[in-house]
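Undergrad: Supplied in structure tokens, the structure appears directly below.
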Amino acid sequence: MIPWIVLDTAKIPGGGELRLKQRGTEFSIMLGTNELMNSRLSGSEEALAKLAHQRIGGRSKPKILIGGLGMGFTLRAALALFGKDARIVVAELVPEVVAWARGPMAELSAGGLDDPRVEVVVGDVGKLIGEGTGAYDAILLDVDNGPEGLSRDANDSLYNYAGLYAAKTALKPGGVLTVWSQGPGKSFSRRLHESGFVTDEVKVRASTKGSGARHVVWVAANAAAAAAKGRR
């Protein structure tokens, strides 16, 4: 069997260290003994963009915020789905992850970082959300292993009541928040509901082959906007 090789490491602001590993054509990003992502499992990350597109795909000049670059699967899917008039902002906290996407994992990102529709911001997606009142048609969050912080305690601030209120404020009327998670979370579903979102909890395959483990994507729309749409 081909052994894993550690290509690089990266410090996470606030503590922790990521390791980029390669085995043949397969890549893995690890945090301690936990695998955060694997290049063989892109299905649920792609679903994050697909489910958002189902809600806002007909809009003119949509502005989309992606929190977490990872291996670039969500960005790649968004670029394939949204038209030439879209603007996509990608916020990635760890600069080395951007370097990995341009370097050893360039084939996975498929040139997405250099697409003229894309702006890459090295920084905290929470800061962009907090500064963006009514700025985004969709916010796609693939930060950590989901609402339960694993790699960074500060990530909890994205998923608590204050973070959800900030996301709701940053969305345009009828905008949508999609959130990736390794598994279900009743407490997070409750927080979304109590924060005024109308929410679908969608189970999606981790693999594009339609088998294996399932992950969860929450698709959350503003309750008032959803109600107004229903009265039309």
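Residue numbers start at 1 in each chain; chains themselves are named A, B, ... in the order of the structure tokens; ligands are numbered from 1 in the order shown.
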With only C-alpha atoms as the counted atoms, please give the residues lying no more than 8 Å from Leu18 of chain A, apart from itself and same-chain residues fewer than 2 positions off, as a short mmCIF file (atom, residue, chain, number, x, y, z; two decimals) with N, CA, C and O atoms, in the first residue's frame.
TA:
data_model
loop_
_atom_site.label_atom_id
_atom_site.label_comp_id
_atom_site.auth_asym_id
_atom_site.auth_seq_id
_atom_site.Cartn_x
_atom_site.Cartn_y
_atom_site.Cartn_z
N THR A 9 2.36 21.58 7.08
CA THR A 9 1.54 21.82 8.28
C THR A 9 1.19 23.30 8.33
O THR A 9 1.85 24.14 7.71
N ALA A 10 0.15 23.61 9.08
CA ALA A 10 -0.28 25.00 9.20
C ALA A 10 -0.90 25.23 10.58
O ALA A 10 -1.72 24.43 11.03
N LYS A 11 -0.49 26.31 11.23
CA LYS A 11 -1.05 26.67 12.52
C LYS A 11 -2.43 27.31 12.32
O LYS A 11 -2.62 28.13 11.42
N ILE A 12 -3.38 26.93 13.16
CA ILE A 12 -4.70 27.54 13.14
C ILE A 12 -4.70 28.70 14.13
O ILE A 12 -4.31 28.52 15.29
N GLY A 16 -4.02 24.84 17.60
CA GLY A 16 -4.23 23.69 16.72
C GLY A 16 -3.36 23.75 15.48
O GLY A 16 -2.84 24.81 15.11
N LEU A 20 -1.42 18.61 5.92
CA LEU A 20 -1.80 18.19 4.57
C LEU A 20 -1.02 16.94 4.23
O LEU A 20 0.21 16.93 4.24
N ILE A 29 -6.66 16.37 4.77
CA ILE A 29 -6.30 17.42 5.72
C ILE A 29 -6.73 16.94 7.09
O ILE A 29 -7.90 16.64 7.33
N MET A 30 -5.76 16.88 8.00
CA MET A 30 -5.97 16.30 9.32
C MET A 30 -5.82 17.36 10.41
O MET A 30 -5.04 18.31 10.28
N LEU A 31 -6.55 17.17 11.49
CA LEU A 31 -6.37 17.91 12.73
C LEU A 31 -6.19 16.87 13.82
O LEU A 31 -7.14 16.19 14.20
N GLY A 32 -4.97 16.69 14.27
CA GLY A 32 -4.68 15.60 15.20
C GLY A 32 -5.01 14.27 14.54
O GLY A 32 -4.54 13.97 13.44
#
Undergrad: Could you pull out all residues of segment 15-173 of chain A with a DSSP call of strand (DSSP E) and give them as a count of residues only?
TA: 43
Undergrad: Hey, what's within 8 Å of Ser60 of chain A if we count only C-alpha atoms and toss same-chain stuff fewer than 2 positions away? As a ChimeraX atom specification, please?
TA: /A:58,62,85-86
Undergrad: Within 9 Å of Ala78 of chain A, counting only C-alpha atoms, which residues qualify if same-chain residues fewer than 5 places away don't, as a list in words?
TA: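 So, after excluding close chain neighbours, the residues are Glu46, Leu48, Ala49, Lys50, Ala52, His53, Ile64, Phe73 and Ile88 of chain A.
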Undergrad: Restricting the output to all heavy atoms, write the selected residues as a compact mmCIF listing (two decimals), in the first residue's frame.
TA:
# COMPACT_ATOMS: atom_id res chain seq x y z
N GLU A 46 -20.01 19.73 -2.42
CA GLU A 46 -20.65 20.20 -3.65
C GLU A 46 -22.13 20.48 -3.41
O GLU A 46 -22.69 21.45 -3.95
CB GLU A 46 -20.47 19.17 -4.76
CG GLU A 46 -19.04 19.01 -5.21
CD GLU A 46 -18.84 17.83 -6.16
OE1 GLU A 46 -19.86 17.20 -6.53
OE2 GLU A 46 -17.69 17.55 -6.51
N LEU A 48 -23.48 21.66 -0.83
CA LEU A 48 -23.61 22.94 -0.16
C LEU A 48 -23.92 24.05 -1.17
O LEU A 48 -24.77 24.91 -0.94
CB LEU A 48 -22.32 23.25 0.59
CG LEU A 48 -22.34 24.35 1.65
CD1 LEU A 48 -23.21 23.97 2.83
CD2 LEU A 48 -20.91 24.63 2.13
N ALA A 49 -23.25 24.00 -2.31
CA ALA A 49 -23.48 24.99 -3.38
C ALA A 49 -24.74 24.66 -4.17
O ALA A 49 -25.52 25.56 -4.54
CB ALA A 49 -22.27 25.05 -4.31
N LYS A 50 -24.96 23.39 -4.43
CA LYS A 50 -26.12 23.00 -5.24
C LYS A 50 -27.44 23.36 -4.55
O LYS A 50 -28.38 23.83 -5.20
CB LYS A 50 -26.06 21.49 -5.54
CG LYS A 50 -24.93 21.09 -6.47
CD LYS A 50 -24.86 19.58 -6.64
CE LYS A 50 -23.72 19.18 -7.55
NZ LYS A 50 -23.59 17.69 -7.67
N ALA A 52 -27.92 25.72 -2.34
CA ALA A 52 -28.08 27.17 -2.37
C ALA A 52 -28.55 27.62 -3.75
O ALA A 52 -29.43 28.48 -3.88
CB ALA A 52 -26.76 27.85 -2.01
N HIS A 53 -27.99 27.03 -4.79
CA HIS A 53 -28.37 27.40 -6.15
C HIS A 53 -29.83 27.09 -6.43
O HIS A 53 -30.51 27.83 -7.15
CB HIS A 53 -27.47 26.67 -7.15
CG HIS A 53 -27.75 27.03 -8.58
ND1 HIS A 53 -28.57 26.27 -9.38
CD2 HIS A 53 -27.35 28.08 -9.33
CE1 HIS A 53 -28.65 26.83 -10.57
NE2 HIS A 53 -27.92 27.93 -10.58
N ILE A 64 -22.34 35.67 -3.43
CA ILE A 64 -22.29 34.49 -2.58
C ILE A 64 -21.03 34.56 -1.71
O ILE A 64 -19.94 34.88 -2.21
CB ILE A 64 -22.27 33.21 -3.43
CG1 ILE A 64 -23.55 33.12 -4.28
CG2 ILE A 64 -22.12 31.97 -2.58
CD1 ILE A 64 -23.29 33.10 -5.74
N PHE A 73 -13.94 22.24 -3.25
CA PHE A 73 -15.07 21.56 -3.91
C PHE A 73 -16.33 22.43 -3.94
O PHE A 73 -17.05 22.44 -4.95
CB PHE A 73 -15.36 20.24 -3.22
CG PHE A 73 -14.24 19.24 -3.31
CD1 PHE A 73 -13.78 18.59 -2.18
CD2 PHE A 73 -13.65 18.95 -4.52
CE1 PHE A 73 -12.75 17.66 -2.25
CE2 PHE A 73 -12.62 18.03 -4.62
CZ PHE A 73 -12.16 17.39 -3.48
N ILE A 88 -18.40 35.76 -6.17
CA ILE A 88 -18.23 34.79 -5.10
C ILE A 88 -17.04 35.20 -4.24
O ILE A 88 -15.92 35.33 -4.74
CB ILE A 88 -18.02 33.37 -5.66
CG1 ILE A 88 -19.21 32.97 -6.55
CG2 ILE A 88 -17.83 32.36 -4.53
CD1 ILE A 88 -19.04 31.65 -7.25
Undergrad: May I ask which of the residues A:Val179, A:Ala213, A:Ala220, A:Ala162 is the closest one to Leu41 of chain A, counting only C-alpha atoms?
TA: A:Ala213
Undergrad: Report the residues of segment 111-226 of chain A whose backbone DSSP state falls under alpha helix (DSSP H), written as a VMD selection string.
TA: chain A and resid 125 to 131 156 to 159 161 to 170 186 to 194 223 to 226
Undergrad: Which residues come within 8 Å of Arg23 of chain A, counting only C-alpha atoms, excluding same-chain residues fewer than 6 positions away, as number ranges by chain?
TA: A: 2-5
Undergrad: Grab the residues selected above and save them as a PDB file, in the first residue's frame with N, CA, C and O atoms.
TA:
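The file below, result05.pdb, is the result:
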ATOM      1  N   ILE A   2       0.469   2.240  -0.758  1.00  0.00           N
ATOM      2  CA  ILE A   2       1.211   3.491  -0.822  1.00  0.00           C
ATOM      3  C   ILE A   2       1.100   4.207   0.525  1.00  0.00           C
ATOM      4  O   ILE A   2      -0.009   4.396   1.041  1.00  0.00           O
ATOM      5  N   PRO A   3       2.205   4.628   1.119  1.00  0.00           N
ATOM      6  CA  PRO A   3       2.140   5.291   2.431  1.00  0.00           C
ATOM      7  C   PRO A   3       1.703   6.755   2.305  1.00  0.00           C
ATOM      8  O   PRO A   3       1.866   7.388   1.264  1.00  0.00           O
ATOM      9  N   TRP A   4       1.134   7.275   3.390  1.00  0.00           N
ATOM     10  CA  TRP A   4       0.807   8.692   3.462  1.00  0.00           C
ATOM     11  C   TRP A   4       2.084   9.502   3.664  1.00  0.00           C
ATOM     12  O   TRP A   4       2.971   9.109   4.415  1.00  0.00           O
ATOM     13  N   ILE A   5       2.157  10.645   2.993  1.00  0.00           N
ATOM     14  CA  ILE A   5       3.277  11.576   3.152  1.00  0.00           C
ATOM     15  C   ILE A   5       2.729  12.907   3.632  1.00  0.00           C
ATOM     16  O   ILE A   5       1.759  13.430   3.070  1.00  0.00           O
TER      17      ILE A   5
END
Undergrad: Kindly indicate which residue among A:Ser195, A:Gln182, A:Ser39, A:Asn222 lies nearest to Ala138 of chain A, using only C-alpha atoms for the distances.
TA: A:Asn222
Undergrad: Report the distance between atom CA of Lys209 of chain A and atom CA of Leu65 of chain A in Å, rounded to one decimal place.
TA: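 Calculated distance between atom CA of Lys209 of chain A and atom CA of Leu65 of chain A is 27.2 Å.
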Undergrad: Might you pull out every residue within 10 Å of Ala135 of chain A, with only C-alpha atoms counted and same-chain residues fewer than 3 positions away left off, and present them as a list of chain:residue names?
TA: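 That gives A:Pro62, A:Lys63, A:Ile64, A:Leu65, A:Leu128, A:Ile129, A:Glu131, A:Gly132, A:Ala138, A:Ile139, A:Thr169, A:Ala170, A:Leu171, A:Lys172, A:Pro173, A:Gly175.
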Undergrad: Hey, what's within 8 Å of Arg191 of chain A if we count only C-alpha atoms and toss same-chain stuff fewer than 4 positions away? As number ranges by chain, please?
TA: A: 160-161, 187, 195
Undergrad: Using only N, CA, C and O atoms, please write the residues we just selected to a file, as a PDB file, in the first residue's frame.
TA:
ATOM      1  N   ASN A 160     -23.874  30.129  17.084  1.00  0.00           N
ATOM      2  CA  ASN A 160     -24.727  30.442  18.224  1.00  0.00           C
ATOM      3  C   ASN A 160     -25.796  31.453  17.792  1.00  0.00           C
ATOM      4  O   ASN A 160     -25.871  31.847  16.630  1.00  0.00           O
ATOM      5  N   TYR A 161     -26.624  31.877  18.734  1.00  0.00           N
ATOM      6  CA  TYR A 161     -27.725  32.780  18.379  1.00  0.00           C
ATOM      7  C   TYR A 161     -27.221  34.086  17.775  1.00  0.00           C
ATOM      8  O   TYR A 161     -27.784  34.583  16.790  1.00  0.00           O
ATOM      9  N   SER A 187     -29.838  20.478  18.443  1.00  0.00           N
ATOM     10  CA  SER A 187     -29.737  21.784  19.090  1.00  0.00           C
ATOM     11  C   SER A 187     -29.522  22.884  18.054  1.00  0.00           C
ATOM     12  O   SER A 187     -30.057  23.990  18.199  1.00  0.00           O
ATOM     13  N   SER A 195     -34.175  31.378  15.632  1.00  0.00           N
ATOM     14  CA  SER A 195     -33.581  32.601  15.078  1.00  0.00           C
ATOM     15  C   SER A 195     -34.379  33.143  13.900  1.00  0.00           C
ATOM     16  O   SER A 195     -33.993  34.152  13.306  1.00  0.00           O
TER      17      SER A 195
END
Undergrad: When distances are computed from only C-alpha atoms, which of A:Ile56, A:Leu113, A:Val90, A:Met37 shows the smallest separation from Val219 of chain A?
TA: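 Between A:Ile56, A:Leu113, A:Val90, A:Met37, the residue approaching Val219 of chain A most closely is A:Ile56.
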Undergrad: Which of these, A:Val176, A:Leu158, A:Ala206, A:Leu140, has the shortest distance to Asp124 of chain A once you count only C-alpha atoms?
TA: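 Among the listed residues, the smallest separation from Asp124 of chain A belongs to A:Leu158.
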Undergrad: Tell me, in Å to one decimal, how far atom CA of Ala91 of chain A is from atom CA of Glu119 of chain A.
TA: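 Between atom CA of Ala91 of chain A and atom CA of Glu119 of chain A the gap works out to 8.6 Å.
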Undergrad: Just give me the gap between atom CA of Val217 of chain A and atom CA of Arg40 of chain A in Å, one decimal is fine.
TA: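 These atoms are spaced 18.5 Å apart.
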Undergrad: Between A:Ala77, A:Leu36, A:Leu164, A:Leu69, which one has atoms that come closest to Leu177 of chain A, using only C-alpha atoms?
TA: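 Using only C-alpha atoms, the shortest distance to Leu177 of chain A belongs to A:Leu164.
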